[in-house]
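Structure below is coords-v2.cif: mmCIF, C-alpha atoms.
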data_coords
#
loop_
_atom_site.label_atom_id
_atom_site.label_comp_id
_atom_site.auth_asym_id
_atom_site.auth_seq_id
_atom_site.Cartn_x
_atom_site.Cartn_y
_atom_site.Cartn_z
CA MET A 1 23.00 4.28 -4.61
CA ILE A 2 19.30 4.87 -3.97
CA GLY A 3 17.74 5.65 -0.59
CA TYR A 4 14.25 4.26 -0.06
CA TYR A 5 12.18 5.55 2.87
CA VAL A 6 9.48 3.07 4.00
CA HIS A 7 6.56 4.17 6.17
CA HIS A 8 5.89 2.15 9.31
CA GLN A 9 2.10 1.82 9.00
CA GLY A 10 1.04 -1.65 7.84
CA ARG A 11 3.28 -3.88 5.74
CA GLY A 12 2.27 -2.86 2.22
CA HIS A 13 4.86 -0.10 1.87
CA LEU A 14 7.66 -2.49 2.81
CA HIS A 15 6.45 -5.30 0.55
CA ARG A 16 6.30 -2.88 -2.37
CA ALA A 17 9.76 -1.47 -1.65
CA MET A 18 11.31 -4.92 -1.54
CA CYS A 19 9.58 -5.98 -4.76
CA ILE A 20 10.87 -2.91 -6.58
CA ALA A 21 14.37 -3.04 -5.10
CA ALA A 22 14.82 -6.61 -6.32
CA HIS A 23 14.81 -5.31 -9.90
CA VAL A 24 16.72 -2.03 -9.50
CA GLU A 25 20.17 -2.04 -11.09
CA GLU A 26 21.64 0.11 -8.32
CA GLU A 27 22.23 -0.57 -4.64
CA VAL A 28 19.13 0.27 -2.60
CA THR A 29 19.25 1.24 1.08
CA ILE A 30 15.97 1.10 3.00
CA LEU A 31 15.40 3.62 5.78
CA SER A 32 12.56 2.70 8.14
CA SER A 33 11.51 2.23 11.75
CA LEU A 34 10.02 -1.16 10.85
CA PRO A 35 11.99 -4.25 11.88
CA ARG A 36 14.45 -5.36 9.24
CA PRO A 37 13.08 -8.45 7.42
CA ALA A 38 15.31 -11.51 7.53
CA ASP A 39 15.20 -11.83 3.75
CA TRP A 40 16.22 -8.23 2.97
CA PRO A 41 19.70 -8.53 1.34
CA GLY A 42 20.70 -4.88 1.14
CA PRO A 43 21.70 -2.09 3.52
CA TRP A 44 19.14 -1.03 6.13
CA VAL A 45 19.09 2.16 8.21
CA PRO A 46 16.92 1.81 11.35
CA LEU A 47 15.08 5.01 12.15
CA PRO A 48 13.93 6.15 15.61
CA GLU A 49 10.17 6.11 16.14
CA ASP A 50 8.33 9.41 16.31
CA THR A 51 4.74 8.31 16.77
CA ALA A 52 4.30 9.25 20.43
CA ASP A 53 2.03 12.18 21.18
CA ALA A 54 3.77 15.50 21.53
CA PRO A 55 2.64 18.98 22.58
CA GLY A 56 2.43 21.74 20.03
CA ASP A 57 1.31 21.88 16.42
CA PRO A 58 2.44 18.73 14.52
CA THR A 59 1.46 20.14 11.10
CA ALA A 60 3.43 23.42 11.01
CA HIS A 61 0.20 25.40 10.64
CA GLY A 62 -1.21 23.01 8.06
CA ARG A 63 1.84 23.02 5.77
CA LEU A 64 3.16 19.55 6.65
CA HIS A 65 1.80 16.29 8.09
CA TRP A 66 3.95 15.29 11.07
CA VAL A 67 6.57 17.65 12.49
CA PRO A 68 5.79 17.70 16.23
CA THR A 69 7.64 20.40 18.11
CA HIS A 70 10.26 19.47 20.73
CA HIS A 71 9.87 15.76 19.97
CA PRO A 72 13.17 13.89 20.52
CA GLY A 73 12.13 10.90 18.40
CA HIS A 74 11.19 13.06 15.45
CA ARG A 75 14.36 15.12 15.73
CA GLU A 76 16.53 12.00 15.83
CA ARG A 77 14.60 10.46 12.95
CA MET A 78 15.19 13.45 10.68
CA ALA A 79 18.81 13.64 11.80
CA ALA A 80 19.37 9.97 10.92
CA ILE A 81 18.01 10.48 7.41
CA ALA A 82 20.04 13.66 6.93
CA GLU A 83 23.22 12.03 8.22
CA TRP A 84 22.80 9.08 5.87
CA ILE A 85 22.27 11.42 2.92
CA ARG A 86 25.30 13.48 3.96
CA TRP A 87 27.64 10.47 4.09
CA LYS A 88 26.28 8.41 1.20
CA SER A 89 25.26 11.17 -1.22
CA PRO A 90 22.67 8.97 -2.97
CA ALA A 91 21.80 9.49 -6.60
CA LEU A 92 18.08 9.29 -5.79
CA PHE A 93 15.73 9.22 -2.80
CA VAL A 94 12.34 7.46 -2.82
CA SER A 95 9.65 8.38 -0.31
CA ASP A 96 6.98 5.74 0.35
CA VAL A 97 5.58 7.71 2.00
CA SER A 98 6.49 10.83 3.95
CA VAL A 99 6.13 14.44 2.94
CA GLU A 100 8.80 15.35 5.47
CA ALA A 101 11.35 12.74 4.33
CA ALA A 102 10.83 13.73 0.68
CA THR A 103 11.21 17.42 1.49
CA LEU A 104 14.33 16.83 3.60
CA ALA A 105 16.03 14.87 0.82
CA ARG A 106 15.22 17.53 -1.77
CA LEU A 107 16.45 20.29 0.57
CA MET A 108 19.75 18.43 0.66
CA GLY A 109 19.95 18.47 -3.11
CA ILE A 110 18.88 14.89 -3.85
CA PRO A 111 16.38 14.11 -6.64
CA VAL A 112 13.20 12.60 -5.21
CA VAL A 113 10.59 10.08 -6.32
CA VAL A 114 7.34 10.03 -4.33
CA ALA A 115 5.05 7.00 -4.19
CA ALA A 116 1.66 8.48 -5.00
CA MET A 117 -1.53 7.53 -3.22
CA ARG A 118 -5.15 7.87 -4.18
CA GLY A 119 -7.62 10.11 -2.42
CA ASP A 120 -7.69 13.84 -1.78
CA ARG A 121 -4.05 14.96 -1.95
CA GLN A 122 -4.69 18.65 -2.46
CA ASP A 123 -3.63 19.62 1.08
CA GLU A 124 -0.53 21.78 1.47
CA GLY A 125 1.72 18.92 2.54
CA HIS A 126 0.92 16.62 -0.36
CA ARG A 127 1.06 19.47 -2.85
CA LEU A 128 4.54 20.31 -1.61
CA ALA A 129 5.81 16.73 -1.92
CA TYR A 130 4.17 16.01 -5.26
CA ASP A 131 5.32 19.34 -6.69
CA LEU A 132 8.97 18.92 -5.67
CA ALA A 133 9.18 15.29 -6.81
CA ASP A 134 11.10 14.53 -9.97
CA ALA A 135 8.65 11.68 -10.59
CA LEU A 136 5.52 10.20 -9.06
CA LEU A 137 5.13 6.45 -8.84
CA ALA A 138 1.47 5.41 -9.14
CA PRO A 139 0.74 1.72 -8.42
CA TRP A 140 -2.46 1.66 -10.45
CA PRO A 141 -3.14 1.62 -14.22
CA SER A 142 -3.03 4.79 -16.31
CA SER A 143 -6.50 3.90 -17.63
CA LEU A 144 -7.86 4.56 -14.13
CA PRO A 145 -6.19 7.86 -13.19
CA GLU A 146 -6.85 9.62 -9.94
CA PRO A 147 -9.26 12.46 -10.81
CA GLY A 148 -8.52 16.06 -10.01
CA TRP A 149 -4.75 16.02 -10.22
CA PRO A 150 -3.10 19.10 -11.79
CA GLY A 151 -1.57 18.53 -15.20
CA HIS A 152 2.04 18.79 -14.04
CA TRP A 153 1.50 15.84 -11.68
CA TYR A 154 0.14 13.67 -14.48
CA ALA A 155 3.04 14.69 -16.71
CA LYS A 156 5.65 13.19 -14.37
CA THR A 157 3.68 10.14 -13.20
CA VAL A 158 4.67 6.59 -14.07
CA HIS A 159 1.67 4.28 -13.73
CA THR A 160 2.91 0.79 -12.95
CA GLY A 161 -0.31 -1.03 -12.16
CA GLY A 162 -0.50 -2.96 -8.93
CA ILE A 163 2.73 -4.21 -7.37
CA SER A 164 2.63 -7.43 -5.38
CA ARG A 165 5.22 -9.78 -3.94
CA TYR A 166 3.18 -12.53 -5.63
CA ASP A 167 3.41 -11.22 -9.19
CA GLY A 168 4.41 -14.13 -11.40
CA ARG A 169 4.19 -16.70 -8.60
CA PRO A 170 2.62 -20.00 -9.71
CA ARG A 171 -0.68 -20.88 -8.13
CA PRO A 172 -0.55 -23.85 -5.77
CA THR A 173 -1.86 -27.18 -7.02
CA PRO A 174 -5.43 -27.70 -5.75
CA ASP A 175 -5.85 -30.29 -3.02
CA SER A 176 -7.33 -33.37 -4.68
CA GLY A 177 -9.25 -34.09 -1.50
CA THR A 178 -11.10 -30.78 -1.52
CA SER A 179 -14.64 -30.78 -2.89
CA PRO A 180 -14.96 -28.42 -5.90
CA SER A 181 -18.41 -27.39 -4.64
CA ARG A 182 -17.04 -26.07 -1.34
CA ARG A 183 -17.20 -22.29 -1.20
CA GLU A 184 -14.91 -20.31 1.06
CA VAL A 185 -14.70 -16.66 2.04
CA VAL A 186 -11.25 -15.46 3.09
CA VAL A 187 -11.35 -12.24 5.11
CA MET A 188 -8.01 -10.45 4.74
CA LEU A 189 -7.80 -7.47 7.07
CA GLY A 190 -4.09 -6.62 7.01
CA ALA A 191 -1.72 -5.10 9.57
CA GLY A 192 -2.55 -1.44 9.04
CA GLY A 193 -5.64 -1.35 11.20
CA ALA A 194 -9.16 -2.70 10.81
CA GLY A 195 -12.66 -1.33 11.02
CA VAL A 196 -14.33 -4.76 11.13
CA THR A 197 -15.43 -6.38 14.38
CA VAL A 198 -15.62 -10.04 15.34
CA PRO A 199 -19.42 -9.86 15.86
CA GLN A 200 -19.84 -8.46 12.34
CA ILE A 201 -17.97 -11.40 10.84
CA GLN A 202 -19.87 -13.87 13.01
CA GLU A 203 -23.23 -12.44 11.89
CA ALA A 204 -22.15 -12.66 8.24
CA ALA A 205 -21.05 -16.28 8.69
CA TRP A 206 -24.34 -17.24 10.39
CA ALA A 207 -26.23 -15.66 7.48
CA THR A 208 -24.30 -17.78 4.94
CA PRO A 209 -24.29 -21.38 6.22
CA ASP A 210 -23.21 -22.69 2.79
CA TRP A 211 -19.95 -20.74 2.98
CA ALA A 212 -16.89 -21.38 5.15
CA TRP A 213 -15.27 -18.25 6.58
CA THR A 214 -11.54 -17.88 7.25
CA VAL A 215 -10.08 -14.71 8.78
CA ILE A 216 -6.42 -13.76 8.38
CA GLY A 217 -4.76 -10.63 9.72
CA GLY A 218 -6.39 -7.88 11.68
CA HIS A 219 -6.22 -7.33 15.42
CA ARG A 220 -7.92 -10.52 16.66
CA ALA A 221 -7.06 -13.11 14.02
CA PRO A 222 -3.85 -15.06 13.46
CA TRP A 223 -1.33 -13.22 11.32
CA VAL A 224 -0.42 -15.21 8.19
CA GLU A 225 2.99 -14.17 6.89
CA ASP A 226 2.42 -15.81 3.50
CA PRO A 227 -1.30 -15.79 2.65
CA TRP A 228 -0.77 -16.83 -1.00
CA PRO A 229 -2.10 -20.42 -0.69
CA VAL A 230 -5.08 -19.19 1.32
CA LEU A 231 -5.91 -16.49 -1.23
CA CYS A 232 -5.62 -18.87 -4.17
CA GLY A 233 -7.93 -21.37 -2.47
CA ALA A 234 -10.68 -18.83 -1.81
CA THR A 235 -13.94 -18.62 -3.70
CA VAL A 236 -14.17 -14.96 -2.68
CA VAL A 237 -11.73 -12.75 -0.81
CA LEU A 238 -13.24 -10.04 1.38
CA THR A 239 -10.78 -7.25 2.03
CA HIS A 240 -10.30 -3.54 2.49
CA ALA A 241 -9.04 -1.24 -0.27
CA GLY A 242 -5.42 -0.81 0.77
CA GLN A 243 -3.01 -0.78 -2.16
CA ASN A 244 -1.14 -3.89 -1.03
CA ALA A 245 -4.26 -5.93 -0.27
CA VAL A 246 -5.74 -5.08 -3.66
CA ALA A 247 -2.46 -5.92 -5.42
CA GLU A 248 -2.28 -9.32 -3.71
CA CYS A 249 -5.85 -10.18 -4.68
CA ALA A 250 -5.06 -9.09 -8.23
CA ALA A 251 -1.97 -11.29 -8.36
CA ALA A 252 -4.03 -14.26 -7.19
CA ARG A 253 -6.71 -13.46 -9.80
CA VAL A 254 -9.35 -14.23 -7.19
CA PRO A 255 -12.91 -12.81 -7.05
CA THR A 256 -12.87 -10.03 -4.50
CA LEU A 257 -15.35 -8.08 -2.43
CA VAL A 258 -13.92 -4.75 -1.31
CA ILE A 259 -15.20 -2.74 1.65
CA PRO A 260 -13.01 0.35 2.10
CA GLN A 261 -11.94 1.39 5.57
CA GLU A 262 -11.57 4.93 6.82
CA ARG A 263 -8.09 6.27 6.15
CA PRO A 264 -6.65 9.78 5.93
CA HIS A 265 -7.54 11.60 2.71
CA ARG A 266 -10.22 8.97 1.90
CA GLU A 267 -7.55 6.87 0.21
CA GLN A 268 -9.34 3.55 0.38
CA HIS A 269 -12.66 4.96 -0.76
CA ALA A 270 -10.95 6.44 -3.82
CA THR A 271 -9.36 3.08 -4.64
CA ALA A 272 -12.68 1.29 -4.17
CA ARG A 273 -14.42 3.73 -6.51
CA ALA A 274 -11.82 3.06 -9.21
CA LEU A 275 -12.14 -0.71 -8.80
CA GLY A 276 -15.93 -0.57 -8.90
CA ALA A 277 -16.04 1.78 -11.89
CA ALA A 278 -13.83 -0.60 -13.88
CA GLY A 279 -15.89 -3.63 -12.90
CA LEU A 280 -12.89 -5.36 -11.33
CA THR A 281 -14.41 -6.12 -7.95
CA THR A 282 -17.67 -6.01 -6.08
CA VAL A 283 -17.64 -2.93 -3.84
CA ARG A 284 -19.70 -1.90 -0.85
CA ASP A 285 -19.01 1.34 1.00
CA ALA A 286 -20.15 -0.04 4.36
CA TRP A 287 -20.47 -3.40 6.08
CA PRO A 288 -23.61 -5.12 4.70
CA ASP A 289 -26.60 -6.22 6.76
CA PRO A 290 -26.68 -9.97 7.51
CA GLN A 291 -29.52 -10.71 5.09
CA ASP A 292 -27.54 -9.18 2.19
CA TRP A 293 -24.58 -11.54 2.41
CA PRO A 294 -25.83 -14.55 0.39
CA THR A 295 -26.61 -12.43 -2.69
CA LEU A 296 -23.49 -10.33 -2.26
CA LEU A 297 -21.12 -13.31 -2.12
CA ALA A 298 -22.82 -14.94 -5.10
CA GLU A 299 -22.42 -11.69 -7.06
CA ALA A 300 -18.73 -11.43 -6.19
CA ALA A 301 -18.03 -15.07 -7.06
CA ALA A 302 -19.72 -14.74 -10.46
CA ARG A 303 -17.79 -11.64 -11.54
CA PRO A 304 -15.49 -12.32 -14.54
CA ASP A 305 -11.76 -12.12 -13.88
CA ARG A 306 -10.49 -8.76 -15.17
CA TRP A 307 -7.66 -8.35 -12.66
CA ALA A 308 -5.00 -8.17 -15.42
CA HIS A 309 -6.39 -4.73 -16.21
CA TRP A 310 -5.30 -3.52 -12.76
CA SER A 311 -2.17 -5.58 -12.34
CA PRO A 312 -0.48 -7.03 -15.46
CA GLY A 313 2.26 -8.47 -13.26
CA ASP A 314 5.20 -6.28 -14.28
CA GLY A 315 4.60 -3.33 -11.96
CA ALA A 316 7.80 -3.82 -9.95
CA HIS A 317 9.84 -4.01 -13.16
CA LYS A 318 8.33 -0.74 -14.44
CA ALA A 319 9.05 1.02 -11.15
CA ALA A 320 12.60 -0.36 -11.04
CA ARG A 321 13.30 0.89 -14.55
CA LEU A 322 12.18 4.36 -13.52
CA LEU A 323 14.42 4.41 -10.46
CA THR A 324 17.41 2.97 -12.32
CA ASP A 325 17.06 5.50 -15.16
CA LEU A 326 16.70 8.46 -12.78
CA ALA A 327 19.63 7.34 -10.63
CA ARG A 328 21.91 7.00 -13.63
CA ARG A 329 20.81 10.33 -15.04
CA THR A 330 22.29 12.26 -12.13
#

Structure re-expressed in structure tokens:
Amino acid sequence: MIGYYVHHQGRGHLHRAMCIAAHVEEEVTILSSLPRPADWPGPWVPLPEDTADAPGDPTAHGRLHWVPTHHPGHRERMAAIAEWIRWKSPALFVSDVSVEAATLARLMGIPVVVAAMRGDRQDEGHRLAYDLADALLAPWPSSLPEPGWPGHWYAKTVHTGGISRYDGRPRPTPDSGTSPSRREVVVMLGAGGAGVTVPQIQEAAWATPDWAWTVIGGHRAPWVEDPWPVLCGATVVLTHAGQNAVAECAAARVPTLVIPQERPHREQHATARALGAAGLTTVRDAWPDPQDWPTLLAEAAARPDRWAHWSPGDGAHKAARLLTDLARRT
């Protein structure tokens, strides 16, 4: 059995876990405070939430990320993970992502795989988790490594490329009634937070009257549970640089404009730099001025499709092989 901890922020961590678990040759139990999806077929351990503010130092003097003192939710959360490990004695524990969950599992004698993330991970907490991990799972290609990692991290990293729930999914048949000259921007903001305002999008749309704008996700737009048809029908997708958003654009093989949002450890900016350096997407570090949009969209639409370099389509299979091999080794 494999335990798989899924972080509650956004939906990308959960989508990735479910993609990987579908190919693992061992039973996978997900532990998370997210709601259990209706289509998850395996065991699920609901975890108490621990996101409420709490007095005291939540970082243990800079050594960890979130260990608030005297916080009932956090205490119950850690206890639930420990109790599950005690009773099930899993062969392997995957953390996607929590320094504390990874450390707890390893303290209880369970081998650990940590889902790696781009950005500056040289803080004490990340160094602890990455050091103690038996393997690091990097959902980006080995040809675009994260710079600055120590050699022993690289040595135990499996680069899978992007992992998307849409890998291998056929593209929908184009609507015969749609004009081939119609150009559409799809703005995909995601569930993990957004740094884009409605007025910004309105100004961009006014500046590009020849383009139709569709917004999915974010705080003020309808949430689309399955954006695949919308992505495939776009001329250009405008999105942030979250791992899941990038993987879904890669699976759709759609021209993409990436504007990274502020996240801890500059994660999205690091991903955007890698995408831009490889010529996979058009990248801007900040929201463009209205007059820049016509040229910017034309540039993005004209970029050749090189998404297979980032996401060959077998990332979940590669990750599943790693987890299966490690679980059977113990």

So that I can check the surroundings of Asp134 (chain A), please list as a ChimeraX atom specification every protein, DNA and RNA residue that reaches within 10 Å of it, counting only C-alpha atoms and ignoring chain neighbours fewer than 2 positions away. /A:92,106,110-114,129-132,136,153,156-157,326

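Of the listed residues A:Ile201, A:Val186, A:Ala277, A:Val94, the one whose atoms come nearest to Ile20 (chain A) is A:Val94, with distances taken using only C-alpha atoms.
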
Shortest interatomic distance to Val196 (chain A) - which of A:Leu137, A:Ala286, A:Cys19, A:Cys249, counting all atoms listed in the file: A:Ala286

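Compared by their closest atoms to Trp293 (chain A), and using only C-alpha atoms, the residues A:Glu203, A:Glu267, A:Asp226, A:Glu248 rank with A:Glu203 nearest.
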
For CA of Gly73 (chain A) and CA of Gln9 (chain A), the interatomic separation in Å (one decimal):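 CA of Gly73 (chain A) sits 16.5 Å away from CA of Gln9 (chain A).
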
Neighbour residues at most 10 Å from (13.0, 8.6, -1.8) (only C-alpha atoms) as number ranges by chain: A: 2-6, 30-31, 90, 92-98, 101-106, 110-115, 133, 323

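For the pair CA of Leu275 (chain A) and CA of Gly233 (chain A), the interatomic distance is 22.0 Å.
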
For Gly195 (chain A), work out the shell of residues within 9 Å, counting all atoms listed in the file and skipping chain neighbours fewer than 2 positions away, then give it as a PyMOL selection string. chain A and resi 189+193+197+261-262

Report as a short mmCIF file (atom, residue, chain, number, x, y, z; two decimals) with C-alpha atoms, keeping the file's coordinate frame the residues that result from applying the PyMOL selection byres ((chain A and resi 300-310) around 6) to the structure here.
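Now in expr.cif:
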data_model
loop_
_atom_site.label_atom_id
_atom_site.label_comp_id
_atom_site.auth_asym_id
_atom_site.auth_seq_id
_atom_site.Cartn_x
_atom_site.Cartn_y
_atom_site.Cartn_z
CA PRO A 141 -3.14 1.62 -14.22
CA GLY A 161 -0.31 -1.03 -12.16
CA VAL A 236 -14.17 -14.96 -2.68
CA ALA A 250 -5.06 -9.09 -8.23
CA ARG A 253 -6.71 -13.46 -9.80
CA PRO A 255 -12.91 -12.81 -7.05
CA LEU A 280 -12.89 -5.36 -11.33
CA THR A 282 -17.67 -6.01 -6.08
CA LEU A 297 -21.12 -13.31 -2.12
CA ALA A 298 -22.82 -14.94 -5.10
CA GLU A 299 -22.42 -11.69 -7.06
CA SER A 311 -2.17 -5.58 -12.34
CA PRO A 312 -0.48 -7.03 -15.46
#

Using only C-alpha atoms, can you tell me which of A:Leu322, A:Ala245, A:Ala205, A:Trp213 comes closest to Gln291 (chain A)? A:Ala205

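Counting from CA of Glu26 (chain A), the distance to CA of Asp39 (chain A) is 18.2 Å.
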
Looking at all atoms listed in the file, which of A:Pro48, A:Gly12, A:Pro139, A:Pro172 is the one that sits closest to Val158 (chain A)? A:Pro139

Point (4.1, 17.1, 14.3), cut-off 12 Å, counting only C-alpha atoms, residues as a CSV table (one decimal) with C-alpha atoms, in the frame of the given file:
chain,number,residue,atom,x,y,z
A,50,ASP,CA,8.3,9.4,16.3
A,51,THR,CA,4.7,8.3,16.8
A,52,ALA,CA,4.3,9.2,20.4
A,53,ASP,CA,2.0,12.2,21.2
A,54,ALA,CA,3.8,15.5,21.5
A,55,PRO,CA,2.6,19.0,22.6
A,56,GLY,CA,2.4,21.7,20.0
A,57,ASP,CA,1.3,21.9,16.4
A,58,PRO,CA,2.4,18.7,14.5
A,59,THR,CA,1.5,20.1,11.1
A,60,ALA,CA,3.4,23.4,11.0
A,61,HIS,CA,0.2,25.4,10.6
A,62,GLY,CA,-1.2,23.0,8.1
A,63,ARG,CA,1.8,23.0,5.8
A,64,LEU,CA,3.2,19.6,6.6
A,65,HIS,CA,1.8,16.3,8.1
A,66,TRP,CA,4.0,15.3,11.1
A,67,VAL,CA,6.6,17.6,12.5
A,68,PRO,CA,5.8,17.7,16.2
A,69,THR,CA,7.6,20.4,18.1
A,70,HIS,CA,10.3,19.5,20.7
A,71,HIS,CA,9.9,15.8,20.0
A,72,PRO,CA,13.2,13.9,20.5
A,73,GLY,CA,12.1,10.9,18.4
A,74,HIS,CA,11.2,13.1,15.4
A,75,ARG,CA,14.4,15.1,15.7
A,99,VAL,CA,6.1,14.4,2.9
A,100,GLU,CA,8.8,15.4,5.5

Rank A:Met1, A:Ala270, A:Ala252, A:Gln200 by their smallest atom-to-atom distance to Trp87 (chain A), using only C-alpha atoms, and report the top residue only. A:Met1

Quick one: apply the PyMOL selection byres ((chain A and resi 184) around 10) to the file and drop the selected residues here as a VMD selection string. chain A and resid 181 to 183 185 to 187 210 to 214 230 233 to 237 297

Could you add the missing atoms to region 302-316 of chain A, up to N, CA, C and O atoms, and return them as a compact mmCIF listing (two decimals), in the frame of the given file?
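Final output, saved to rebuild00.txt:
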# COMPACT_ATOMS: atom_id res chain seq x y z
N ALA A 302 -19.37 -14.62 -9.04
CA ALA A 302 -19.72 -14.74 -10.46
C ALA A 302 -19.07 -13.68 -11.33
O ALA A 302 -19.17 -13.75 -12.57
N ARG A 303 -18.37 -12.72 -10.74
CA ARG A 303 -17.79 -11.64 -11.54
C ARG A 303 -16.64 -12.18 -12.40
O ARG A 303 -15.76 -12.88 -11.89
N PRO A 304 -16.60 -11.86 -13.68
CA PRO A 304 -15.49 -12.32 -14.54
C PRO A 304 -14.16 -11.77 -14.07
O PRO A 304 -14.08 -10.66 -13.52
N ASP A 305 -13.10 -12.54 -14.29
CA ASP A 305 -11.76 -12.12 -13.88
C ASP A 305 -11.23 -11.07 -14.86
O ASP A 305 -10.94 -11.37 -16.01
N ARG A 306 -11.08 -9.84 -14.37
CA ARG A 306 -10.49 -8.76 -15.17
C ARG A 306 -9.30 -8.14 -14.44
O ARG A 306 -8.91 -7.01 -14.70
N TRP A 307 -8.72 -8.90 -13.50
CA TRP A 307 -7.66 -8.35 -12.66
C TRP A 307 -6.43 -7.93 -13.46
O TRP A 307 -5.66 -7.06 -13.02
N ALA A 308 -6.18 -8.55 -14.63
CA ALA A 308 -5.00 -8.17 -15.42
C ALA A 308 -5.07 -6.71 -15.85
O ALA A 308 -4.02 -6.10 -16.13
N HIS A 309 -6.26 -6.15 -15.87
CA HIS A 309 -6.39 -4.73 -16.21
C HIS A 309 -5.77 -3.86 -15.13
O HIS A 309 -5.19 -2.81 -15.43
N TRP A 310 -5.87 -4.29 -13.88
CA TRP A 310 -5.30 -3.52 -12.76
C TRP A 310 -3.82 -3.84 -12.56
O TRP A 310 -3.01 -2.96 -12.27
N SER A 311 -3.50 -5.12 -12.70
CA SER A 311 -2.17 -5.58 -12.34
C SER A 311 -1.65 -6.58 -13.38
O SER A 311 -1.83 -7.78 -13.21
N PRO A 312 -1.00 -6.11 -14.44
CA PRO A 312 -0.48 -7.03 -15.46
C PRO A 312 0.60 -7.97 -14.94
O PRO A 312 0.88 -8.99 -15.56
N GLY A 313 1.24 -7.60 -13.83
CA GLY A 313 2.26 -8.47 -13.26
C GLY A 313 3.67 -7.95 -13.39
O GLY A 313 4.61 -8.56 -12.86
N ASP A 314 3.85 -6.82 -14.09
CA ASP A 314 5.20 -6.28 -14.28
C ASP A 314 5.38 -4.93 -13.61
O ASP A 314 6.27 -4.16 -13.97
N GLY A 315 4.55 -4.64 -12.61
CA GLY A 315 4.60 -3.33 -11.96
C GLY A 315 5.94 -3.04 -11.31
O GLY A 315 6.47 -1.93 -11.41
N ALA A 316 6.51 -4.03 -10.61
CA ALA A 316 7.80 -3.82 -9.95
C ALA A 316 8.90 -3.56 -10.97
O ALA A 316 9.80 -2.73 -10.74
